[in-house]
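First comes the structure, then the notes that go with it.
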Amino acid sequence: MNKKTMVNPRNAYGQKLVELGKKYANLVVLDADLSKSTKTILFAKEYPERFFEMGIAEANMISTAAGLASCGKIAFASTFAVFATGRVYDQIRMDVAYSKSNVKIFATHGGISVGKDGASHQMIEDIALMRVLPNMTVIAPSDAPQTGKIVELMVENNGPMYARIGRANAPVIYKEKNLINLKLGKGLIVEEGNDVTIIACGTMVDPALDAKKILKNNGIDTRVVDMHTIKPIDKELIIKCAKETGAIVTAEEHSIIGGLGSAVAETLMDNNISTKFYRMGIKDRFCESGDPKDLLEKYGLNQKHMVKNIINLVKKN
Amino acid sequence: MNNYDEQIIRNLEIIAVKIRKNIIKMLFKAASGHPGGSLSAVEGLVSLYFLHMNHNPKKPDDENRDRFILSKGHAAPALYATLAESGYFSYDELNNLRNMNCMLQGHPACLCTPGIEASTGSLGHGLSFANGVALAAKLDNKDYKTYVMLGDGETNEGQIWEAAAAASHYKLDNLTAFIDRNFLQIDGNTEKIMRLESIRDRWNSFGWKVIEIDGHDIKKILEALDEADGNSNSPTIIILNTIKGKGVSFMENNVDFHGVPPNEMEYNLAIEELDTLQKKLEAMN
């Protein structure tokens with residue numbers, strides 16, 4: 001396999017905020033004592049008057065962001081995914097979702113690849129928590145260039161949004177010029193294929209591309225879809241893939257309950273689509289401290305597991 | 001400081017009685033809602049909406065308006081009656097409190113009702129929201145002021161203290177909070193449920209200017225608001241010492257009327273009392 005170019009999506013986030021801060025005088029950013037990790041510090045250095053350090057007080061951060069948004073600001077609030085959602089669910093529910101506030105909750109450190117900090121910091125329920133909220137758009141970008149583009153789209157489109165990226169460096173999948181037409185709510189077919197579709201989001205898109213190469217040797221032609229927007233989900237694309245490839249595997253660094261896999265399953269059932277189907281995700285449990293690569297192997301979320309699951313599914317009658 | 005003559009104050013007192021009557025009427029019609037904490041909040045609201053605040057009911061989204069956020073969202077009837085009295089919407093709407101397909105939700109909802117700045121009802125959020133509004137004013141170099149009303153029981157919520165710290169840290173001297181200090185929350189006396197005293201010392205230690213007054217004395221409230229506006233480098237909290245259920249004798253200091261509306265007999269009694277008071281005040285004019 002060729003050596004991959006690795007870029008951290010967190011840097012893409014911070015750099016894009018700086019870039020957009022110039023164009024949008026009403027862009028403000030809040031953080032809860034993690035600006036060095038979330039990379040909002042880049043914005044803070046460039047536009048100190050528009051950056052609000054809120055201290056370790058996430059509830060106050062979210063409601064304050066909503067207050068700023070009520071005065072015409074585009075308010076980005078950032079912290080780790082675990083603190084950006086579960087800890088402040090009620091604040092997001094009332095002040096952001098119910099009020100259709102122009103607040104963008106941008107979380108880093110989503111999923112188990114956070115690694116050694118352990119289960120306390122490995123957020124695997126955030127997509128489910130945010131997806132259940134009316135008015136909320138839910139996004140999981142898959143690489144650094146896509147993260148940048150998605151931050152742009154979050155600024156350009158009004159309304160409550162949640163985006164989550166991981167902690168680690170991520171292989172670059174896209175060239176910026178190929179992302180010009182990216183739209184929220186429209187998934188991307190990254191690689192064509194006829195025998196099965198992997199619908200992945202976030203950190204699971206790259207291993208899906210690796211799995212495709214291995215599966216080719218097994219005579220399985222795999223389509224890879226990057227479902228960066230989990231809500232609103234791209235129903236047409238899901239139905240099309242089910243009809244054209246006859247088998248769907250979903251993959252996400254998130255609980256198998258309530259996330260991408262659930263959204264795809266709901267779409268299939270709601271549309272009377274019968275297809276071979278398998279969900280990859282954390283199987284309703286908390287994980288543990290460890291090296292990210294080892295954790296993904298142990299909890300079944302890498303290209304090796306994808307290959308195994310797909311072979312099993314495609315062979316099934 | 002402004003000089004408020006007797007005539008001005010008496011007219012505001014009459015408005016306060018009218019608002020109390022509307023609170024009682026709407027709760028009776030809805031057969032649901034919170035009388036106690038609505039009645040205790042009236043003079044604070046009247047002082048803001050009928051004299052102190054710069055606002056225009058015909059332009060509820062005017063970007064230079066002063067903002068008021070009702071953090072103790074269950075006192076929505078008081079705010080709704082105040083907004084109707086100000087002209088934000090027709091009095092008829094008050095008849096439809098808590099009814100389906102109508103604008104007046106059980107708790108304030110900013111997308112449903114003109115004049116409502118923030119959706120509240122889950123306690124503890126409003127001060128943080130107000131901080132955001134006040135920060136935006138500073139950022140935009142605008143002169144508008146932000147006012148927020150907290151319940152005393154509401155300050156049990158940890159988020160209030162996150163917000164108290166932040167308002168002081170950011171020197172939000174364009175922000176004034178009321179605390180409706182009526183000493184009662186659903187389960188009983190605030191000091192028995194979860195001690196709040198010394199409220200004054202608590203807010204002081206968080207870096208706030210603290211003013212404590214009789215929360216039913218409109219003249220004192222107006223003077224306190226002027227003092228708060230003149231304060232610089234720190235936010236101000238005005239402790240309104242109030243009586244839960246104020247204005248209706250059998251509801252006063254009666255925790256049973258926290259979240260239970262009047263029945264027909266109680267409704268008639270309450271309106272009779274308030275009518276008598278209104279006539280008395282009008283006769284003095």
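Each chain in the structure tokens gets a letter, A, B, ..., in the order shown, and its residues are numbered from 1; ligands are numbered from 1 in order too.
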
| task | List every residue of segment 124-284 of chain B that DSSP, applied to the backbone, labels as helix (DSSP H, G or I), and write the result as a VMD selection string. | result | chain B and resid 126 to 139 153 to 156 158 to 169 190 to 193 199 to 205 218 to 230 249 to 251 255 to 257 264 to 284

Export C-alpha atoms of the chosen residues as a PDB file, in the first residue's frame?
```
ATOM      1  CA  GLY B 126     -31.145  32.336  31.047  1.00  0.00           C
ATOM      2  CA  LEU B 127     -28.198  34.086  32.633  1.00  0.00           C
ATOM      3  CA  SER B 128     -25.766  32.367  30.257  1.00  0.00           C
ATOM      4  CA  PHE B 129     -27.948  33.357  27.310  1.00  0.00           C
ATOM      5  CA  ALA B 130     -28.072  36.929  28.599  1.00  0.00           C
ATOM      6  CA  ASN B 131     -24.272  36.909  28.860  1.00  0.00           C
ATOM      7  CA  GLY B 132     -24.123  36.055  25.167  1.00  0.00           C
ATOM      8  CA  VAL B 133     -26.451  38.931  24.327  1.00  0.00           C
ATOM      9  CA  ALA B 134     -24.419  41.344  26.464  1.00  0.00           C
ATOM     10  CA  LEU B 135     -21.144  40.140  24.912  1.00  0.00           C
ATOM     11  CA  ALA B 136     -22.613  40.727  21.451  1.00  0.00           C
ATOM     12  CA  ALA B 137     -23.497  44.300  22.443  1.00  0.00           C
ATOM     13  CA  LYS B 138     -19.907  44.930  23.529  1.00  0.00           C
ATOM     14  CA  LEU B 139     -18.553  43.367  20.344  1.00  0.00           C
ATOM     15  CA  GLY B 153     -34.813  28.564  43.727  1.00  0.00           C
ATOM     16  CA  GLU B 154     -33.390  28.582  40.215  1.00  0.00           C
ATOM     17  CA  THR B 155     -29.996  29.550  41.577  1.00  0.00           C
ATOM     18  CA  ASN B 156     -29.705  25.987  42.905  1.00  0.00           C
ATOM     19  CA  GLY B 158     -24.885  25.010  38.860  1.00  0.00           C
ATOM     20  CA  GLN B 159     -25.036  26.701  35.475  1.00  0.00           C
ATOM     21  CA  ILE B 160     -26.148  29.939  37.158  1.00  0.00           C
ATOM     22  CA  TRP B 161     -22.795  30.080  38.916  1.00  0.00           C
ATOM     23  CA  GLU B 162     -20.868  29.293  35.748  1.00  0.00           C
ATOM     24  CA  ALA B 163     -22.687  32.242  34.209  1.00  0.00           C
ATOM     25  CA  ALA B 164     -22.210  34.447  37.277  1.00  0.00           C
ATOM     26  CA  ALA B 165     -18.462  33.890  37.038  1.00  0.00           C
ATOM     27  CA  ALA B 166     -18.376  34.565  33.308  1.00  0.00           C
ATOM     28  CA  ALA B 167     -20.441  37.789  33.478  1.00  0.00           C
ATOM     29  CA  SER B 168     -18.062  39.146  36.069  1.00  0.00           C
ATOM     30  CA  HIS B 169     -14.960  37.898  34.225  1.00  0.00           C
ATOM     31  CA  THR B 190     -35.627  27.869  49.814  1.00  0.00           C
ATOM     32  CA  GLU B 191     -33.511  27.782  52.962  1.00  0.00           C
ATOM     33  CA  LYS B 192     -34.762  24.313  53.845  1.00  0.00           C
ATOM     34  CA  ILE B 193     -34.517  22.878  50.339  1.00  0.00           C
ATOM     35  CA  ILE B 199     -27.393  35.620  48.525  1.00  0.00           C
ATOM     36  CA  ARG B 200     -25.830  39.045  48.804  1.00  0.00           C
ATOM     37  CA  ASP B 201     -22.452  37.631  49.816  1.00  0.00           C
ATOM     38  CA  ARG B 202     -22.549  34.938  47.167  1.00  0.00           C
ATOM     39  CA  TRP B 203     -23.061  37.355  44.284  1.00  0.00           C
ATOM     40  CA  ASN B 204     -20.678  39.856  45.812  1.00  0.00           C
ATOM     41  CA  SER B 205     -17.969  37.247  45.979  1.00  0.00           C
ATOM     42  CA  ILE B 218     -41.754  50.177  41.780  1.00  0.00           C
ATOM     43  CA  LYS B 219     -40.009  53.442  42.665  1.00  0.00           C
ATOM     44  CA  LYS B 220     -37.204  51.555  44.387  1.00  0.00           C
ATOM     45  CA  ILE B 221     -36.912  49.136  41.456  1.00  0.00           C
ATOM     46  CA  LEU B 222     -36.636  52.009  38.976  1.00  0.00           C
ATOM     47  CA  GLU B 223     -33.996  53.692  41.098  1.00  0.00           C
ATOM     48  CA  ALA B 224     -32.090  50.423  41.401  1.00  0.00           C
ATOM     49  CA  LEU B 225     -32.209  49.967  37.627  1.00  0.00           C
ATOM     50  CA  ASP B 226     -30.800  53.475  37.142  1.00  0.00           C
ATOM     51  CA  GLU B 227     -28.057  52.692  39.614  1.00  0.00           C
ATOM     52  CA  ALA B 228     -27.299  49.436  37.798  1.00  0.00           C
ATOM     53  CA  ASP B 229     -27.088  51.230  34.455  1.00  0.00           C
ATOM     54  CA  GLY B 230     -24.629  53.674  35.953  1.00  0.00           C
ATOM     55  CA  SER B 249     -54.326  37.305  49.790  1.00  0.00           C
ATOM     56  CA  PHE B 250     -54.796  33.540  49.911  1.00  0.00           C
ATOM     57  CA  MET B 251     -52.000  32.876  47.428  1.00  0.00           C
ATOM     58  CA  VAL B 255     -46.426  27.212  48.244  1.00  0.00           C
ATOM     59  CA  ASP B 256     -49.514  25.282  47.143  1.00  0.00           C
ATOM     60  CA  PHE B 257     -49.987  27.937  44.472  1.00  0.00           C
ATOM     61  CA  GLU B 264     -63.588  29.077  40.014  1.00  0.00           C
ATOM     62  CA  MET B 265     -64.196  30.231  43.544  1.00  0.00           C
ATOM     63  CA  GLU B 266     -60.579  31.226  43.998  1.00  0.00           C
ATOM     64  CA  TYR B 267     -60.624  32.955  40.645  1.00  0.00           C
ATOM     65  CA  ASN B 268     -63.643  35.066  41.607  1.00  0.00           C
ATOM     66  CA  LEU B 269     -62.152  35.962  44.966  1.00  0.00           C
ATOM     67  CA  ALA B 270     -58.820  36.916  43.419  1.00  0.00           C
ATOM     68  CA  ILE B 271     -60.373  39.128  40.755  1.00  0.00           C
ATOM     69  CA  GLU B 272     -62.565  40.813  43.368  1.00  0.00           C
ATOM     70  CA  GLU B 273     -59.528  41.626  45.521  1.00  0.00           C
ATOM     71  CA  LEU B 274     -57.581  42.968  42.569  1.00  0.00           C
ATOM     72  CA  ASP B 275     -60.539  45.011  41.287  1.00  0.00           C
ATOM     73  CA  THR B 276     -60.876  46.634  44.697  1.00  0.00           C
ATOM     74  CA  LEU B 277     -57.183  47.493  44.712  1.00  0.00           C
ATOM     75  CA  GLN B 278     -57.358  48.903  41.209  1.00  0.00           C
ATOM     76  CA  LYS B 279     -60.302  51.145  42.101  1.00  0.00           C
ATOM     77  CA  LYS B 280     -58.485  52.357  45.186  1.00  0.00           C
ATOM     78  CA  LEU B 281     -55.399  53.275  43.169  1.00  0.00           C
ATOM     79  CA  GLU B 282     -57.430  54.926  40.429  1.00  0.00           C
ATOM     80  CA  ALA B 283     -59.322  56.984  42.999  1.00  0.00           C
ATOM     81  CA  MET B 284     -56.010  58.402  44.221  1.00  0.00           C
TER      82      MET B 284
END
```

Per-residue nearest contacts chain A to chain B, cut-off 6 Å, using only C-alpha atoms, as JSON lines:
```
{"residue": "A:Asn60", "atom": "CA", "partner": "B:Ser128", "partner_atom": "CA", "distance": 5.3}
{"residue": "A:Ser63", "atom": "CA", "partner": "B:Phe129", "partner_atom": "CA", "distance": 4.9}
{"residue": "A:Thr64", "atom": "CA", "partner": "B:Gly132", "partner_atom": "CA", "distance": 4.2}
{"residue": "A:Gly67", "atom": "CA", "partner": "B:Gly132", "partner_atom": "CA", "distance": 4.1}
{"residue": "A:Leu68", "atom": "CA", "partner": "B:Gly132", "partner_atom": "CA", "distance": 4.4}
```

| said: For a quick check of understanding, using only C-alpha atoms, which of A:Met269, A:Ile124, A:Ala263, A:Met154 has the smallest distance to Lys283 of chain A? | reply: A:Ile124

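Note that the spacing between atom CA of Lys171 of chain B and atom CA of Ala57 of chain A amounts to 17.5 Å.
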
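Close contacts of Asp62 of chain B, defined as residues with an atom at most 12 Å away when counting only C-alpha atoms, with chain neighbours fewer than 5 positions off set aside, comprise Cys71 and Gly72 of chain A; Asn54, His55, Asn56, Pro57, Arg67, Pro114, Gly115, Glu117 and Tyr144 of chain B.
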
| said: For segment 85-96 of chain A, find every residue with an atom within 9 Å (counting only C-alpha atoms), except residues of its own chain fewer than 4 positions away, and show them as a count of residues only. | reply: 38

| task | Excluding Pro77 of chain B and residues on its chain fewer than 5 positions from it, collect all residues at most 10 Å away from it, counting only C-alpha atoms, and give them as a ChimeraX atom specification. | result | /B:19-20,22-27,33-35,37-39,42,82-83,94,97-98,104-108

Selection to disk with C-alpha atoms, as a CSV table (one decimal), in the first residue's frame:
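Generated file (again-v5.csv):
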```
chain,number,residue,atom,x,y,z
B,19,ILE,CA,-51.3,42.5,34.8
B,20,ARG,CA,-52.1,40.5,37.9
B,22,ASN,CA,-54.7,38.9,33.5
B,23,ILE,CA,-52.3,36.4,35.1
B,24,ILE,CA,-55.2,35.1,37.2
B,25,LYS,CA,-57.6,35.0,34.2
B,26,MET,CA,-55.2,33.3,31.9
B,27,LEU,CA,-54.3,30.6,34.5
B,33,GLY,CA,-49.7,27.0,35.0
B,34,HIS,CA,-47.8,28.8,37.8
B,35,PRO,CA,-49.5,31.6,39.8
B,37,GLY,CA,-43.9,33.0,40.9
B,38,SER,CA,-45.8,34.9,38.2
B,39,LEU,CA,-47.4,37.2,40.7
B,42,VAL,CA,-44.9,41.6,38.3
B,82,THR,CA,-46.8,42.3,30.3
B,83,LEU,CA,-46.1,41.8,26.5
B,94,LEU,CA,-54.0,35.5,26.7
B,97,LEU,CA,-52.4,30.2,27.1
B,98,ARG,CA,-51.2,26.6,26.9
B,104,LEU,CA,-48.5,31.2,24.1
B,105,GLN,CA,-46.6,28.1,25.1
B,106,GLY,CA,-46.6,26.8,28.7
B,107,HIS,CA,-43.1,28.2,28.9
B,108,PRO,CA,-41.5,31.0,26.8
```

| message | DSSP on the backbone: which residues in segment 95-244 of chain A end up as strand (DSSP E or B)? Give the answer as number ranges by chain. | response | A: 103-108, 110, 123, 137-139, 161-164, 170-171, 188-191, 196-200, 222-226, 229-231

Could the residues in this selection be written to a file with N, CA and C atoms, as a CSV table (one decimal), in the first residue's frame?
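Writing the result to again.csv gives the following:
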```
chain,number,residue,atom,x,y,z
A,103,VAL,N,-26.1,28.2,16.0
A,103,VAL,CA,-24.9,27.8,16.8
A,103,VAL,C,-24.3,26.5,16.2
A,104,LYS,N,-23.0,26.5,16.0
A,104,LYS,CA,-22.3,25.4,15.4
A,104,LYS,C,-21.5,24.7,16.5
A,105,ILE,N,-21.9,23.6,16.9
A,105,ILE,CA,-21.1,22.8,17.9
A,105,ILE,C,-20.1,22.0,17.1
A,106,PHE,N,-18.9,22.3,17.3
A,106,PHE,CA,-17.8,21.6,16.6
A,106,PHE,C,-17.0,20.8,17.6
A,107,ALA,N,-17.1,19.5,17.6
A,107,ALA,CA,-16.5,18.7,18.6
A,107,ALA,C,-15.3,18.0,18.0
A,108,THR,N,-14.2,17.9,18.8
A,108,THR,CA,-13.1,17.0,18.4
A,108,THR,C,-13.0,15.8,19.4
A,110,GLY,N,-13.9,12.7,19.0
A,110,GLY,CA,-15.0,11.8,18.9
A,110,GLY,C,-14.5,10.4,18.7
A,123,MET,N,-16.1,9.3,23.1
A,123,MET,CA,-17.5,9.6,22.9
A,123,MET,C,-18.0,8.7,21.8
A,137,THR,N,-28.6,19.5,12.5
A,137,THR,CA,-27.9,18.8,11.4
A,137,THR,C,-26.7,18.1,12.1
A,138,VAL,N,-26.4,16.9,11.6
A,138,VAL,CA,-25.3,16.1,12.3
A,138,VAL,C,-24.3,15.7,11.2
A,139,ILE,N,-23.0,16.0,11.5
A,139,ILE,CA,-22.0,15.8,10.4
A,139,ILE,C,-20.8,15.1,11.0
A,161,MET,N,-26.2,23.1,14.2
A,161,MET,CA,-25.4,22.0,13.6
A,161,MET,C,-24.4,21.5,14.6
A,162,TYR,N,-24.2,20.2,14.4
A,162,TYR,CA,-23.2,19.5,15.2
A,162,TYR,C,-22.2,18.8,14.3
A,163,ALA,N,-21.0,19.0,14.5
A,163,ALA,CA,-20.0,18.2,13.7
A,163,ALA,C,-19.0,17.6,14.6
A,164,ARG,N,-18.5,16.4,14.3
A,164,ARG,CA,-17.5,15.7,15.2
A,164,ARG,C,-16.4,15.2,14.3
A,170,ALA,N,-5.3,12.1,10.2
A,170,ALA,CA,-6.1,11.3,9.3
A,170,ALA,C,-5.6,11.3,7.9
A,171,PRO,N,-5.6,10.1,7.2
A,171,PRO,CA,-5.1,10.1,5.9
A,171,PRO,C,-6.0,11.0,5.0
A,188,LEU,N,-21.3,11.1,-0.6
A,188,LEU,CA,-20.4,11.0,-1.8
A,188,LEU,C,-20.1,9.5,-2.1
A,189,ILE,N,-20.2,9.2,-3.4
A,189,ILE,CA,-19.6,7.8,-3.8
A,189,ILE,C,-18.2,8.1,-4.0
A,190,VAL,N,-17.3,7.5,-3.1
A,190,VAL,CA,-15.9,7.8,-3.3
A,190,VAL,C,-15.3,6.8,-4.3
A,191,GLU,N,-15.8,5.6,-4.2
A,191,GLU,CA,-15.4,4.5,-5.2
A,191,GLU,C,-16.6,3.8,-5.6
A,196,VAL,N,-21.4,-4.8,-3.3
A,196,VAL,CA,-21.7,-4.4,-1.9
A,196,VAL,C,-21.4,-2.9,-1.8
A,197,THR,N,-22.1,-2.2,-0.8
A,197,THR,CA,-21.7,-0.8,-0.6
A,197,THR,C,-21.3,-0.7,0.9
A,198,ILE,N,-20.2,-0.1,1.2
A,198,ILE,CA,-19.9,0.3,2.5
A,198,ILE,C,-20.3,1.8,2.7
A,199,ILE,N,-21.2,2.0,3.6
A,199,ILE,CA,-21.6,3.4,3.9
A,199,ILE,C,-20.9,3.8,5.2
A,200,ALA,N,-19.9,4.7,5.1
A,200,ALA,CA,-19.1,5.0,6.3
A,200,ALA,C,-19.1,6.5,6.5
A,222,THR,N,-16.5,-3.5,-4.4
A,222,THR,CA,-17.1,-2.8,-3.3
A,222,THR,C,-17.3,-1.3,-3.6
A,223,ARG,N,-18.5,-0.8,-3.4
A,223,ARG,CA,-18.7,0.6,-3.5
A,223,ARG,C,-18.5,1.3,-2.1
A,224,VAL,N,-17.8,2.4,-2.2
A,224,VAL,CA,-17.6,3.1,-0.9
A,224,VAL,C,-18.3,4.5,-0.9
A,225,VAL,N,-19.2,4.6,0.1
A,225,VAL,CA,-19.9,5.9,0.2
A,225,VAL,C,-19.4,6.6,1.5
A,226,ASP,N,-19.1,7.9,1.4
A,226,ASP,CA,-18.8,8.7,2.5
A,226,ASP,C,-20.1,9.5,2.9
A,229,THR,N,-22.8,13.6,6.2
A,229,THR,CA,-23.9,14.1,6.9
A,229,THR,C,-24.9,13.0,7.3
A,230,ILE,N,-25.0,12.8,8.6
A,230,ILE,CA,-25.8,11.7,9.1
A,230,ILE,C,-27.3,12.2,9.3
A,231,LYS,N,-27.4,13.5,9.5
A,231,LYS,CA,-28.8,14.1,9.5
A,231,LYS,C,-28.7,15.5,8.9
```

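Look at Ser32 of chain B: the protein and nucleic acid residues within 7 Å of it, using only C-alpha atoms and passing over chain neighbours fewer than 2 places away, are Leu27, Ala30, Val260 and Pro261 of chain B.
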
Write out, as a PDB file, in the first residue's frame, the residues just selected, with all heavy atoms.
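To be explicit, this is the file written out as again20.pdb:
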```
ATOM      1  N   LEU B  27     -54.525  31.918  33.781  1.00  0.00           N
ATOM      2  CA  LEU B  27     -54.266  30.637  34.456  1.00  0.00           C
ATOM      3  C   LEU B  27     -55.569  29.891  34.721  1.00  0.00           C
ATOM      4  O   LEU B  27     -55.640  28.669  34.601  1.00  0.00           O
ATOM      5  CB  LEU B  27     -53.505  30.877  35.770  1.00  0.00           C
ATOM      6  CG  LEU B  27     -52.046  31.292  35.590  1.00  0.00           C
ATOM      7  CD1 LEU B  27     -51.463  31.792  36.897  1.00  0.00           C
ATOM      8  CD2 LEU B  27     -51.220  30.132  35.062  1.00  0.00           C
ATOM      9  N   ALA B  30     -56.674  28.501  31.370  1.00  0.00           N
ATOM     10  CA  ALA B  30     -55.814  27.399  30.939  1.00  0.00           C
ATOM     11  C   ALA B  30     -55.961  26.198  31.872  1.00  0.00           C
ATOM     12  O   ALA B  30     -55.647  25.068  31.502  1.00  0.00           O
ATOM     13  CB  ALA B  30     -54.357  27.850  30.908  1.00  0.00           C
ATOM     14  N   VAL B 260     -50.217  25.438  40.764  1.00  0.00           N
ATOM     15  CA  VAL B 260     -51.624  25.038  40.669  1.00  0.00           C
ATOM     16  C   VAL B 260     -52.477  26.274  40.394  1.00  0.00           C
ATOM     17  O   VAL B 260     -52.394  27.266  41.117  1.00  0.00           O
ATOM     18  CB  VAL B 260     -52.084  24.358  41.986  1.00  0.00           C
ATOM     19  CG1 VAL B 260     -53.555  23.972  41.907  1.00  0.00           C
ATOM     20  CG2 VAL B 260     -51.213  23.136  42.276  1.00  0.00           C
ATOM     21  N   PRO B 261     -53.295  26.235  39.341  1.00  0.00           N
ATOM     22  CA  PRO B 261     -54.109  27.401  38.994  1.00  0.00           C
ATOM     23  C   PRO B 261     -55.294  27.533  39.942  1.00  0.00           C
ATOM     24  O   PRO B 261     -55.647  26.576  40.628  1.00  0.00           O
ATOM     25  CB  PRO B 261     -54.583  27.078  37.577  1.00  0.00           C
ATOM     26  CG  PRO B 261     -54.631  25.592  37.525  1.00  0.00           C
ATOM     27  CD  PRO B 261     -53.536  25.101  38.424  1.00  0.00           C
TER      28      PRO B 261
END
```

| Who sits within 9 Å of Val307 of chain A, only C-alpha atoms, same chain under 2 positions skipped, as a VMD selection string | chain A and resid 208 211 to 212 214 to 215 302 to 305 309 to 312

Output the selection as a PDB file, in the first residue's frame - N, CA, C and O atoms for each residue.
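Output file result.pdb is given in full below:
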```pdb
ATOM      1  N   ALA A 208     -12.389   1.895   4.849  1.00  0.00           N
ATOM      2  CA  ALA A 208     -13.300   1.303   3.863  1.00  0.00           C
ATOM      3  C   ALA A 208     -12.636   1.278   2.488  1.00  0.00           C
ATOM      4  O   ALA A 208     -12.800   0.307   1.723  1.00  0.00           O
ATOM      5  N   ALA A 211     -10.228  -1.541   2.561  1.00  0.00           N
ATOM      6  CA  ALA A 211     -10.952  -2.816   2.500  1.00  0.00           C
ATOM      7  C   ALA A 211     -11.347  -3.125   1.061  1.00  0.00           C
ATOM      8  O   ALA A 211     -11.276  -4.273   0.606  1.00  0.00           O
ATOM      9  N   LYS A 212     -11.741  -2.095   0.343  1.00  0.00           N
ATOM     10  CA  LYS A 212     -12.134  -2.293  -1.066  1.00  0.00           C
ATOM     11  C   LYS A 212     -11.019  -2.962  -1.856  1.00  0.00           C
ATOM     12  O   LYS A 212     -11.255  -3.882  -2.639  1.00  0.00           O
ATOM     13  N   ILE A 214      -8.577  -4.862  -0.778  1.00  0.00           N
ATOM     14  CA  ILE A 214      -8.391  -6.261  -0.380  1.00  0.00           C
ATOM     15  C   ILE A 214      -9.528  -7.122  -0.932  1.00  0.00           C
ATOM     16  O   ILE A 214      -9.306  -8.228  -1.423  1.00  0.00           O
ATOM     17  N   LEU A 215     -10.727  -6.603  -0.858  1.00  0.00           N
ATOM     18  CA  LEU A 215     -11.903  -7.365  -1.318  1.00  0.00           C
ATOM     19  C   LEU A 215     -11.852  -7.644  -2.828  1.00  0.00           C
ATOM     20  O   LEU A 215     -12.398  -8.648  -3.299  1.00  0.00           O
ATOM     21  N   ASN A 302     -11.744  -1.851  11.865  1.00  0.00           N
ATOM     22  CA  ASN A 302     -10.676  -1.522  10.916  1.00  0.00           C
ATOM     23  C   ASN A 302     -10.926  -2.248   9.589  1.00  0.00           C
ATOM     24  O   ASN A 302     -11.925  -2.967   9.448  1.00  0.00           O
ATOM     25  N   GLN A 303     -10.012  -2.071   8.642  1.00  0.00           N
ATOM     26  CA  GLN A 303     -10.261  -2.632   7.308  1.00  0.00           C
ATOM     27  C   GLN A 303     -10.341  -4.158   7.345  1.00  0.00           C
ATOM     28  O   GLN A 303     -11.105  -4.772   6.605  1.00  0.00           O
ATOM     29  N   LYS A 304      -9.556  -4.764   8.279  1.00  0.00           N
ATOM     30  CA  LYS A 304      -9.565  -6.225   8.401  1.00  0.00           C
ATOM     31  C   LYS A 304     -10.969  -6.729   8.763  1.00  0.00           C
ATOM     32  O   LYS A 304     -11.494  -7.661   8.156  1.00  0.00           O
ATOM     33  N   HIS A 305     -11.564  -6.068   9.741  1.00  0.00           N
ATOM     34  CA  HIS A 305     -12.929  -6.446  10.143  1.00  0.00           C
ATOM     35  C   HIS A 305     -13.933  -6.160   9.034  1.00  0.00           C
ATOM     36  O   HIS A 305     -14.899  -6.913   8.851  1.00  0.00           O
ATOM     37  N   ASN A 309     -16.392  -8.948   7.538  1.00  0.00           N
ATOM     38  CA  ASN A 309     -17.844  -8.749   7.610  1.00  0.00           C
ATOM     39  C   ASN A 309     -18.481  -8.731   6.231  1.00  0.00           C
ATOM     40  O   ASN A 309     -19.582  -9.247   6.033  1.00  0.00           O
ATOM     41  N   ILE A 310     -17.783  -8.125   5.294  1.00  0.00           N
ATOM     42  CA  ILE A 310     -18.354  -8.029   3.938  1.00  0.00           C
ATOM     43  C   ILE A 310     -18.370  -9.397   3.263  1.00  0.00           C
ATOM     44  O   ILE A 310     -19.370  -9.773   2.632  1.00  0.00           O
ATOM     45  N   ILE A 311     -17.294 -10.141   3.415  1.00  0.00           N
ATOM     46  CA  ILE A 311     -17.279 -11.483   2.815  1.00  0.00           C
ATOM     47  C   ILE A 311     -18.422 -12.321   3.381  1.00  0.00           C
ATOM     48  O   ILE A 311     -19.175 -12.951   2.646  1.00  0.00           O
ATOM     49  N   ASN A 312     -18.579 -12.289   4.710  1.00  0.00           N
ATOM     50  CA  ASN A 312     -19.677 -13.031   5.346  1.00  0.00           C
ATOM     51  C   ASN A 312     -21.039 -12.610   4.813  1.00  0.00           C
ATOM     52  O   ASN A 312     -21.901 -13.439   4.551  1.00  0.00           O
TER      53      ASN A 312
END
```

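Shortest atom-to-atom contact with Lys39 of chain A among A:Gln15, A:His109, A:Leu296, A:Ala84: A:Gln15, counting only C-alpha atoms.
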
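From atom CA of Gly151 of chain B back to atom CA of Ser47 of chain B, the distance works out to 17.3 Å.
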
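Coordinates place atom CA of Leu70 of chain B at a distance of 5.8 Å from atom CA of Val148 of chain B.
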